[in-house]
Amino acid sequence: MADVVVLPNLDALSEEAARRWIEIANAAVDARGEFSIALAGGNTPRSLYQIMASPPCSEQAPWAQTFIFFGDERRVPPDHADSNFRMAQETLLEHVPIPAEQIHRMGGQGLARTAAQDYQRTLEHHFSLGRREFPRIDLVLLGMGADGHTASIFPGTRAVSDLTNMVMVYDVPQSGQERMTLGPSVINNARNILFLVSGENKADALASVLHGEYRPSTFPAQVVKPRDGSLTFLVDKAAAANLPT
Ligand code: 6PG
């Protein structure tokens with residue numbers, strides 16, 4: 001069952017997300033010597049990344065033991081305005097001492113199948129996966145679109161029901177772009193999943209995702225049901241407007 005935490009605004013939501021990030025990261029390093037995180041794209045995480053890139057948070061996170069992955073990417077060059085990697089680079093990655101070889105960008109270019117296979121190999125290598133095993137990422141950050149999509153798992157697409165592929169590349173009609181995304185099986189194998197949802201334009205979808213009928217093809221964020229990890233929605237008051245009090 002999801003834990004829903006309502007914060008007054010995006011700043012407070014981002015501060016809370018940063019607190020949880022640091023707590024999860026240091027616990028992971030204490031337990032296993034490293035911390036893996038899949039970053040979310042879009043706009044909502046910007047303020048979180050900027051908080052994490054500045055003191056005091058930047059001094060509390062175990063950057064040397066942090067391994068960066070991405071939940072999804074638009075299939076554009078890394079310096080393109082639409083690139084999730086570029087957004088993360090500008091707000092966080094170029095400001096904190098993470099070794100470059102620990103940052104695993106999703107390939108935005110080249111053949112779709114090759115790019116998906118390459119990222120799968122990156123995951124298999126880092127997590128020393130056997131056949132048909134999925135990576136266990138310590139923290140997966142997710143946003144949610146006003147249509148209920150998450151990562152690049154969009155309504156009415158095969159990504160919602162594909163529980164086999166770790167990574168998918170497909171043409172997303174709603175965005176008019178080709179996207180790469182972690183599949184539901186990877187997301188749901190995470191130790192911790194943190195949704196960041198802000199803004200009144202998300203209120204209808206959030207209420208449907210959390211309290212509506214289970215229709216993941218219509219509201220793909222519903223497909224996020226961790227196997228045994230934690231699931232928390234950090235939402236601001238505007239996005240929570242239609243939730244039952
Ligand atoms: C992307 C994201 C996507 C995003 C939602 C919410 O590549 O766009 O991964 O899933 O999280 O669309 O986007 P905003 O945070 O901009 O509202």
# chains A, B, ... in the order shown; residues from 1 in each chain; ligands from 1

call {"tool": "closest_atom_pairs", "arguments": {"of": "region 108-214 of chain A", "to": "region 235-238 of chain A", "cutoff": "6 Å", "atoms": "only C-alpha atoms", "output": "Markdown table"}}
result
| residue | atom | partner | partner_atom | distance |
| --- | --- | --- | --- | --- |
| A:Val197 | CA | A:Val235 | CA | 4.7 |
| A:Ser198 | CA | A:Asp236 | CA | 5.2 |
| A:Gly199 | CA | A:Ala238 | CA | 5.1 |
| A:Glu200 | CA | A:Ala238 | CA | 4.5 |

call {"tool": "closest_atom_pairs", "arguments": {"of": "chain A", "to": "ligand 1", "cutoff": "7 Å", "atoms": "only C-alpha atoms and all ligand atoms", "output": "tab-separated table"}}
result
residue	atom	partner	partner_atom_place_in_ligand_line	distance
A:Ala40	CA	ligand 1	9 (O)	5.0
A:Gly41	CA	ligand 1	9 (O)	3.9
A:Gly42	CA	ligand 1	16 (O)	3.7
A:Asn43	CA	ligand 1	16 (O)	3.7
A:Thr44	CA	ligand 1	15 (O)	3.6
A:Pro45	CA	ligand 1	15 (O)	6.4
A:Gly71	CA	ligand 1	9 (O)	6.6
A:Asp72	CA	ligand 1	9 (O)	5.4
A:Glu73	CA	ligand 1	7 (O)	5.5
A:Arg74	CA	ligand 1	7 (O)	6.2
A:Asn84	CA	ligand 1	7 (O)	6.2
A:Leu142	CA	ligand 1	11 (O)	5.7
A:Gly143	CA	ligand 1	11 (O)	3.3
A:Met144	CA	ligand 1	6 (C)	4.4
A:Gly145	CA	ligand 1	12 (O)	4.1
A:His149	CA	ligand 1	10 (O)	6.1
A:Thr150	CA	ligand 1	10 (O)	4.1
A:Ala151	CA	ligand 1	10 (O)	3.6
A:Ser152	CA	ligand 1	10 (O)	5.3

call {"tool": "write_last_selection", "arguments": {"atoms": "C-alpha atoms", "output": "short mmCIF file (atom, residue, chain, number, x, y, z; two decimals), in the first residue's frame"}}
result
data_model
loop_
_atom_site.label_atom_id
_atom_site.label_comp_id
_atom_site.auth_asym_id
_atom_site.auth_seq_id
_atom_site.Cartn_x
_atom_site.Cartn_y
_atom_site.Cartn_z
CA ALA A 40 13.24 11.04 -12.74
CA GLY A 41 12.97 13.47 -15.61
CA GLY A 42 10.56 16.28 -16.38
CA ASN A 43 10.38 19.49 -14.32
CA THR A 44 9.20 18.47 -10.86
CA PRO A 45 12.53 16.98 -9.69
CA GLY A 71 14.11 6.00 -15.05
CA ASP A 72 13.56 7.18 -18.57
CA GLU A 73 14.93 9.40 -21.31
CA ARG A 74 13.75 11.18 -24.36
CA ASN A 84 16.49 14.34 -18.89
CA LEU A 142 9.26 8.93 -10.34
CA GLY A 143 7.15 11.80 -11.56
CA MET A 144 3.60 11.52 -12.81
CA GLY A 145 2.05 13.22 -15.80
CA HIS A 149 1.90 8.22 -16.94
CA THR A 150 5.10 7.64 -15.04
CA ALA A 151 8.67 7.34 -16.30
CA SER A 152 7.92 6.84 -19.98
#

call {"tool": "atom_distance", "arguments": {"atom1": "CA of Arg121 (chain A)", "atom2": "CA of Pro155 (chain A)"}}
result
27.0 Å

call {"tool": "residues_around", "arguments": {"residues": "Ala2 (chain A)", "least_positions_apart": "6", "cutoff": "7 Å", "atoms": "only C-alpha atoms", "output": "list in words"}}
result
Leu231, Thr232 and Phe233 of chain A

call {"tool": "write_last_selection", "arguments": {"atoms": "C-alpha atoms", "output": "PDB file, in the first residue's frame"}}
result
ATOM      1  CA  LEU A 231       6.240   3.129  -2.073  1.00  0.00           C
ATOM      2  CA  THR A 232       5.709   6.750  -1.081  1.00  0.00           C
ATOM      3  CA  PHE A 233       3.917   9.556  -2.879  1.00  0.00           C
TER       4      PHE A 233
END

call {"tool": "residues_around", "arguments": {"residues": "region 211-220 of chain A", "least_positions_apart": "5", "cutoff": "12 Å", "atoms": "only C-alpha atoms", "output": "PyMOL selection string"}}
result
chain A and resi 1-2+4+142-162+183-184+202-206+225+240+242-244

call {"tool": "write_last_selection", "arguments": {"atoms": "N, CA and C atoms", "output": "JSON list (two decimals), in the first residue's frame"}}
result
[["chain", "number", "residue", "atom", "x", "y", "z"],
["A", 1, "MET", "N", 0.85, -1.20, 0.00],
["A", 1, "MET", "CA", 0.00, 0.00, 0.00],
["A", 1, "MET", "C", 0.88, 1.24, 0.00],
["A", 2, "ALA", "N", 0.50, 2.23, -0.79],
["A", 2, "ALA", "CA", 1.31, 3.44, -0.88],
["A", 2, "ALA", "C", 1.13, 4.33, 0.33],
["A", 4, "VAL", "N", 1.09, 8.12, 1.43],
["A", 4, "VAL", "CA", 0.90, 9.42, 0.77],
["A", 4, "VAL", "C", 1.19, 10.53, 1.77],
["A", 142, "LEU", "N", 10.22, 8.90, -9.24],
["A", 142, "LEU", "CA", 9.26, 8.93, -10.34],
["A", 142, "LEU", "C", 8.45, 10.22, -10.30],
["A", 143, "GLY", "N", 8.14, 10.74, -11.45],
["A", 143, "GLY", "CA", 7.15, 11.80, -11.56],
["A", 143, "GLY", "C", 5.86, 11.18, -12.07],
["A", 144, "MET", "N", 4.85, 12.01, -12.25],
["A", 144, "MET", "CA", 3.60, 11.52, -12.81],
["A", 144, "MET", "C", 3.02, 12.62, -13.71],
["A", 145, "GLY", "N", 2.65, 12.24, -14.91],
["A", 145, "GLY", "CA", 2.05, 13.22, -15.80],
["A", 145, "GLY", "C", 0.58, 13.44, -15.47],
["A", 146, "ALA", "N", 0.00, 14.49, -16.04],
["A", 146, "ALA", "CA", -1.43, 14.79, -15.81],
["A", 146, "ALA", "C", -2.32, 13.69, -16.39],
["A", 147, "ASP", "N", -1.73, 12.85, -17.25],
["A", 147, "ASP", "CA", -2.50, 11.73, -17.81],
["A", 147, "ASP", "C", -2.24, 10.44, -17.03],
["A", 148, "GLY", "N", -1.49, 10.54, -15.95],
["A", 148, "GLY", "CA", -1.25, 9.35, -15.12],
["A", 148, "GLY", "C", -0.07, 8.52, -15.57],
["A", 149, "HIS", "N", 0.70, 8.99, -16.56],
["A", 149, "HIS", "CA", 1.90, 8.22, -16.94],
["A", 149, "HIS", "C", 2.98, 8.42, -15.89],
["A", 150, "THR", "N", 3.93, 7.48, -15.90],
["A", 150, "THR", "CA", 5.10, 7.64, -15.04],
["A", 150, "THR", "C", 6.32, 7.10, -15.78],
["A", 151, "ALA", "N", 7.48, 7.61, -15.48],
["A", 151, "ALA", "CA", 8.67, 7.34, -16.30],
["A", 151, "ALA", "C", 8.22, 7.61, -17.75],
["A", 152, "SER", "N", 8.52, 6.68, -18.65],
["A", 152, "SER", "CA", 7.92, 6.84, -19.98],
["A", 152, "SER", "C", 7.01, 5.66, -20.28],
["A", 153, "ILE", "N", 6.23, 5.32, -19.25],
["A", 153, "ILE", "CA", 5.19, 4.30, -19.38],
["A", 153, "ILE", "C", 3.88, 5.05, -19.57],
["A", 154, "PHE", "N", 3.43, 5.10, -20.81],
["A", 154, "PHE", "CA", 2.29, 5.96, -21.17],
["A", 154, "PHE", "C", 1.00, 5.16, -21.35],
["A", 155, "PRO", "N", -0.13, 5.84, -21.16],
["A", 155, "PRO", "CA", -1.43, 5.15, -21.31],
["A", 155, "PRO", "C", -1.56, 4.48, -22.68],
["A", 156, "GLY", "N", -2.15, 3.28, -22.64],
["A", 156, "GLY", "CA", -2.47, 2.59, -23.90],
["A", 156, "GLY", "C", -1.27, 2.06, -24.65],
["A", 157, "THR", "N", -0.11, 2.03, -24.02],
["A", 157, "THR", "CA", 1.08, 1.51, -24.71],
["A", 157, "THR", "C", 1.48, 0.16, -24.13],
["A", 158, "ARG", "N", 2.29, -0.57, -24.90],
["A", 158, "ARG", "CA", 2.70, -1.92, -24.48],
["A", 158, "ARG", "C", 3.60, -1.86, -23.24],
["A", 159, "ALA", "N", 4.16, -0.67, -22.97],
["A", 159, "ALA", "CA", 5.07, -0.55, -21.81],
["A", 159, "ALA", "C", 4.36, -0.87, -20.50],
["A", 160, "VAL", "N", 3.03, -0.64, -20.48],
["A", 160, "VAL", "CA", 2.29, -0.84, -19.22],
["A", 160, "VAL", "C", 2.30, -2.32, -18.83],
["A", 161, "SER", "N", 2.19, -3.19, -19.83],
["A", 161, "SER", "CA", 2.01, -4.62, -19.50],
["A", 161, "SER", "C", 3.24, -5.47, -19.77],
["A", 162, "ASP", "N", 4.33, -4.82, -20.20],
["A", 162, "ASP", "CA", 5.55, -5.59, -20.50],
["A", 162, "ASP", "C", 6.32, -5.83, -19.21],
["A", 183, "GLY", "N", 11.38, -0.72, -17.42],
["A", 183, "GLY", "CA", 10.10, -1.42, -17.43],
["A", 183, "GLY", "C", 9.53, -1.55, -16.02],
["A", 184, "PRO", "N", 8.23, -1.85, -15.93],
["A", 184, "PRO", "CA", 7.59, -2.00, -14.61],
["A", 184, "PRO", "C", 8.30, -3.00, -13.70],
["A", 202, "LYS", "N", -2.27, 17.89, -11.77],
["A", 202, "LYS", "CA", -2.09, 16.44, -11.50],
["A", 202, "LYS", "C", -3.20, 15.91, -10.58],
["A", 203, "ALA", "N", -4.06, 16.80, -10.06],
["A", 203, "ALA", "CA", -5.02, 16.40, -9.01],
["A", 203, "ALA", "C", -5.97, 15.30, -9.47],
["A", 204, "ASP", "N", -6.53, 15.44, -10.68],
["A", 204, "ASP", "CA", -7.48, 14.42, -11.15],
["A", 204, "ASP", "C", -6.79, 13.06, -11.29],
["A", 205, "ALA", "N", -5.65, 13.07, -11.97],
["A", 205, "ALA", "CA", -4.95, 11.80, -12.22],
["A", 205, "ALA", "C", -4.50, 11.17, -10.90],
["A", 206, "LEU", "N", -4.02, 12.01, -9.97],
["A", 206, "LEU", "CA", -3.53, 11.45, -8.70],
["A", 206, "LEU", "C", -4.67, 10.76, -7.94],
["A", 225, "LYS", "N", 3.83, -1.08, -8.19],
["A", 225, "LYS", "CA", 3.45, -1.81, -6.97],
["A", 225, "LYS", "C", 4.68, -2.63, -6.55],
["A", 240, "ALA", "N", -2.92, 17.32, -4.32],
["A", 240, "ALA", "CA", -3.74, 16.49, -3.42],
["A", 240, "ALA", "C", -5.17, 16.98, -3.30],
["A", 242, "ASN", "N", -7.88, 16.63, -4.80],
["A", 242, "ASN", "CA", -9.03, 15.72, -4.98],
["A", 242, "ASN", "C", -8.90, 14.43, -4.16],
["A", 243, "LEU", "N", -7.92, 14.40, -3.28],
["A", 243, "LEU", "CA", -7.78, 13.20, -2.44],
["A", 243, "LEU", "C", -8.75, 13.30, -1.27],
["A", 244, "PRO", "N", -9.28, 12.16, -0.81],
["A", 244, "PRO", "CA", -10.16, 12.20, 0.36],
["A", 244, "PRO", "C", -9.39, 12.73, 1.57]]

call {"tool": "select_by_dssp", "arguments": {"residues": "region 97-173 of chain A", "states": "strand (DSSP E)", "output": "PyMOL selection string"}}
result
chain A and resi 139-142+167-172

call {"tool": "closest_residue", "arguments": {"among": "A:Arg191, A:Met180, A:Asn201, A:Ala207", "to": "Gln117 (chain A)", "atoms": "only C-alpha atoms"}}
result
A:Met180

call {"tool": "residues_around", "arguments": {"residues": "Gln65 (chain A)", "least_positions_apart": "4", "cutoff": "9 Å", "atoms": "only C-alpha atoms", "output": "PyMOL selection string"}}
result
chain A and resi 25+29+33-36+98-99+102

call {"tool": "write_last_selection", "arguments": {"atoms": "N, CA and C atoms", "output": "mmCIF file, in the first residue's frame"}}
result
data_model
loop_
_atom_site.group_PDB
_atom_site.id
_atom_site.type_symbol
_atom_site.label_atom_id
_atom_site.label_comp_id
_atom_site.auth_asym_id
_atom_site.auth_seq_id
_atom_site.Cartn_x
_atom_site.Cartn_y
_atom_site.Cartn_z
ATOM 1 N N ALA A 25 20.180 6.750 1.147
ATOM 2 C CA ALA A 25 21.530 6.609 0.589
ATOM 3 C C ALA A 25 22.526 6.165 1.653
ATOM 4 N N VAL A 29 24.603 2.573 1.884
ATOM 5 C CA VAL A 29 26.082 2.498 1.950
ATOM 6 C C VAL A 29 26.504 1.743 3.199
ATOM 7 N N GLY A 33 27.591 -0.861 1.037
ATOM 8 C CA GLY A 33 28.775 -0.174 0.521
ATOM 9 C C GLY A 33 28.539 0.692 -0.696
ATOM 10 N N GLU A 34 27.269 0.747 -1.161
ATOM 11 C CA GLU A 34 26.964 1.613 -2.295
ATOM 12 C C GLU A 34 25.495 1.995 -2.284
ATOM 13 N N PHE A 35 25.163 3.013 -3.084
ATOM 14 C CA PHE A 35 23.774 3.498 -3.197
ATOM 15 C C PHE A 35 23.455 3.695 -4.671
ATOM 16 N N SER A 36 22.373 3.048 -5.129
ATOM 17 C CA SER A 36 21.978 3.214 -6.540
ATOM 18 C C SER A 36 20.653 3.971 -6.582
ATOM 19 N N ILE A 98 30.420 12.989 -7.947
ATOM 20 C CA ILE A 98 30.167 11.584 -8.304
ATOM 21 C C ILE A 98 31.152 11.225 -9.420
ATOM 22 N N PRO A 99 31.934 10.171 -9.258
ATOM 23 C CA PRO A 99 32.842 9.770 -10.351
ATOM 24 C C PRO A 99 32.062 9.567 -11.648
ATOM 25 N N GLN A 102 30.394 6.450 -12.673
ATOM 26 C CA GLN A 102 29.243 5.980 -11.871
ATOM 27 C C GLN A 102 27.925 6.620 -12.315
#

call {"tool": "select_by_dssp", "arguments": {"residues": "region 41-189 of chain A", "states": "helix (DSSP H, G or I)", "output": "ChimeraX atom specification"}}
result
/A:45-52,57-60,63-65,84-91,93-95,100-102,112-126,158-160,184-187

call {"tool": "residues_around", "arguments": {"residues": "Val169 (chain A)", "least_positions_apart": "6", "cutoff": "8 Å", "atoms": "only C-alpha atoms", "output": "VMD selection string"}}
result
chain A and resid 112 to 113 115 to 116 178 to 181

call {"tool": "atom_distance", "arguments": {"atom1": "CA of Pro56 (chain A)", "atom2": "CA of Ala239 (chain A)"}}
result
27.8 Å

call {"tool": "residues_around", "arguments": {"residues": "Asn192 (chain A)", "least_positions_apart": "3", "cutoff": "9 Å", "atoms": "only C-alpha atoms", "output": "number ranges by chain"}}
result
A: 24, 137-141, 188-189, 226, 228-232

call {"tool": "write_last_selection", "arguments": {"atoms": "C-alpha atoms", "output": "short mmCIF file (atom, residue, chain, number, x, y, z; two decimals), in the first residue's frame"}}
result
data_model
loop_
_atom_site.label_atom_id
_atom_site.label_comp_id
_atom_site.auth_asym_id
_atom_site.auth_seq_id
_atom_site.Cartn_x
_atom_site.Cartn_y
_atom_site.Cartn_z
CA ILE A 24 18.12 5.93 2.15
CA ILE A 137 17.79 -0.24 -7.29
CA ASP A 138 17.93 1.37 -3.84
CA LEU A 139 15.80 4.38 -4.77
CA VAL A 140 13.68 5.00 -7.88
CA LEU A 141 12.41 8.56 -8.24
CA ASN A 188 8.81 -2.70 -8.87
CA ASN A 189 11.99 -4.51 -7.82
CA PRO A 226 6.81 -2.70 -5.42
CA ASP A 228 8.68 -5.76 -1.31
CA GLY A 229 10.06 -2.24 -1.33
CA SER A 230 8.59 0.97 0.01
CA LEU A 231 6.24 3.13 -2.07
CA THR A 232 5.71 6.75 -1.08
#

call {"tool": "decode", "arguments": {"residues": "region 196-227 of chain A", "atoms": "N, CA, C and O atoms", "output": "tab-separated table (two decimals), in the first residue's frame"}}
result
chain	number	residue	atom	x	y	z
A	196	LEU	N	7.14	12.00	-6.91
A	196	LEU	CA	7.11	13.43	-6.62
A	196	LEU	C	6.03	14.02	-7.52
A	196	LEU	O	6.16	14.03	-8.74
A	197	VAL	N	4.92	14.48	-6.90
A	197	VAL	CA	3.79	14.95	-7.70
A	197	VAL	C	3.36	16.33	-7.22
A	197	VAL	O	2.97	16.49	-6.06
A	198	SER	N	3.44	17.29	-8.11
A	198	SER	CA	3.16	18.68	-7.73
A	198	SER	C	2.29	19.35	-8.77
A	198	SER	O	2.45	19.12	-9.97
A	199	GLY	N	1.32	20.16	-8.29
A	199	GLY	CA	0.56	20.99	-9.22
A	199	GLY	C	-0.88	20.55	-9.36
A	199	GLY	O	-1.19	19.35	-9.34
A	200	GLU	N	-1.76	21.55	-9.51
A	200	GLU	CA	-3.20	21.25	-9.58
A	200	GLU	C	-3.54	20.43	-10.84
A	200	GLU	O	-4.52	19.72	-10.87
A	201	ASN	N	-2.70	20.54	-11.85
A	201	ASN	CA	-3.00	19.79	-13.09
A	201	ASN	C	-2.84	18.29	-12.90
A	201	ASN	O	-3.24	17.50	-13.76
A	202	LYS	N	-2.27	17.89	-11.77
A	202	LYS	CA	-2.09	16.44	-11.50
A	202	LYS	C	-3.20	15.91	-10.58
A	202	LYS	O	-3.28	14.70	-10.31
A	203	ALA	N	-4.06	16.80	-10.06
A	203	ALA	CA	-5.02	16.40	-9.01
A	203	ALA	C	-5.97	15.30	-9.47
A	203	ALA	O	-6.21	14.33	-8.75
A	204	ASP	N	-6.53	15.44	-10.68
A	204	ASP	CA	-7.48	14.42	-11.15
A	204	ASP	C	-6.79	13.06	-11.29
A	204	ASP	O	-7.27	12.04	-10.79
A	205	ALA	N	-5.65	13.07	-11.97
A	205	ALA	CA	-4.95	11.80	-12.22
A	205	ALA	C	-4.50	11.17	-10.90
A	205	ALA	O	-4.63	9.96	-10.70
A	206	LEU	N	-4.02	12.01	-9.97
A	206	LEU	CA	-3.53	11.45	-8.70
A	206	LEU	C	-4.67	10.76	-7.94
A	206	LEU	O	-4.50	9.66	-7.40
A	207	ALA	N	-5.82	11.40	-7.92
A	207	ALA	CA	-6.97	10.79	-7.22
A	207	ALA	C	-7.36	9.47	-7.89
A	207	ALA	O	-7.63	8.46	-7.22
A	208	SER	N	-7.31	9.43	-9.22
A	208	SER	CA	-7.65	8.19	-9.94
A	208	SER	C	-6.60	7.11	-9.68
A	208	SER	O	-6.93	5.94	-9.47
A	209	VAL	N	-5.33	7.51	-9.71
A	209	VAL	CA	-4.25	6.53	-9.49
A	209	VAL	C	-4.34	5.92	-8.10
A	209	VAL	O	-4.23	4.71	-7.92
A	210	LEU	N	-4.58	6.78	-7.11
A	210	LEU	CA	-4.55	6.30	-5.73
A	210	LEU	C	-5.87	5.68	-5.27
A	210	LEU	O	-5.88	4.76	-4.45
A	211	HIS	N	-6.98	6.20	-5.76
A	211	HIS	CA	-8.28	5.77	-5.21
A	211	HIS	C	-9.27	5.29	-6.25
A	211	HIS	O	-10.38	4.89	-5.91
A	212	GLY	N	-8.87	5.35	-7.52
A	212	GLY	CA	-9.80	4.91	-8.56
A	212	GLY	C	-9.69	3.42	-8.82
A	212	GLY	O	-8.86	2.72	-8.24
A	213	GLU	N	-10.50	2.96	-9.75
A	213	GLU	CA	-10.46	1.55	-10.18
A	213	GLU	C	-9.07	1.23	-10.73
A	213	GLU	O	-8.43	2.11	-11.31
A	214	TYR	N	-8.62	0.02	-10.57
A	214	TYR	CA	-7.30	-0.38	-11.08
A	214	TYR	C	-7.37	-0.52	-12.60
A	214	TYR	O	-7.85	-1.52	-13.12
A	215	ARG	N	-6.91	0.52	-13.28
A	215	ARG	CA	-6.90	0.52	-14.74
A	215	ARG	C	-5.54	1.04	-15.22
A	215	ARG	O	-5.42	2.17	-15.71
A	216	PRO	N	-4.49	0.24	-15.07
A	216	PRO	CA	-3.13	0.74	-15.35
A	216	PRO	C	-2.93	1.16	-16.81
A	216	PRO	O	-2.09	2.01	-17.09
A	217	SER	N	-3.71	0.61	-17.71
A	217	SER	CA	-3.51	1.04	-19.10
A	217	SER	C	-3.98	2.49	-19.28
A	217	SER	O	-3.47	3.23	-20.11
A	218	THR	N	-4.93	2.89	-18.45
A	218	THR	CA	-5.41	4.28	-18.48
A	218	THR	C	-4.56	5.16	-17.56
A	218	THR	O	-4.26	6.31	-17.87
A	219	PHE	N	-4.20	4.59	-16.41
A	219	PHE	CA	-3.39	5.34	-15.42
A	219	PHE	C	-2.13	4.52	-15.10
A	219	PHE	O	-2.08	3.83	-14.08
A	220	PRO	N	-1.12	4.58	-15.97
A	220	PRO	CA	0.06	3.72	-15.82
A	220	PRO	C	0.77	3.82	-14.48
A	220	PRO	O	1.40	2.85	-14.06
A	221	ALA	N	0.65	4.94	-13.77
A	221	ALA	CA	1.31	5.02	-12.44
A	221	ALA	C	0.78	3.93	-11.51
A	221	ALA	O	1.45	3.54	-10.55
A	222	GLN	N	-0.41	3.40	-11.82
A	222	GLN	CA	-0.95	2.30	-10.98
A	222	GLN	C	-0.15	1.01	-11.12
A	222	GLN	O	-0.26	0.12	-10.27
A	223	VAL	N	0.68	0.94	-12.21
A	223	VAL	CA	1.43	-0.31	-12.40
A	223	VAL	C	2.57	-0.41	-11.38
A	223	VAL	O	3.15	-1.46	-11.17
A	224	VAL	N	2.87	0.74	-10.73
A	224	VAL	CA	3.96	0.76	-9.74
A	224	VAL	C	3.46	0.16	-8.43
A	224	VAL	O	2.72	0.77	-7.68
A	225	LYS	N	3.83	-1.08	-8.19
A	225	LYS	CA	3.45	-1.81	-6.97
A	225	LYS	C	4.68	-2.63	-6.55
A	225	LYS	O	4.89	-3.74	-7.04
A	226	PRO	N	5.52	-2.06	-5.71
A	226	PRO	CA	6.81	-2.70	-5.42
A	226	PRO	C	6.64	-4.12	-4.86
A	226	PRO	O	5.72	-4.37	-4.07
A	227	ARG	N	7.52	-5.00	-5.28
A	227	ARG	CA	7.49	-6.41	-4.84
A	227	ARG	C	7.57	-6.47	-3.31
A	227	ARG	O	6.76	-7.09	-2.65
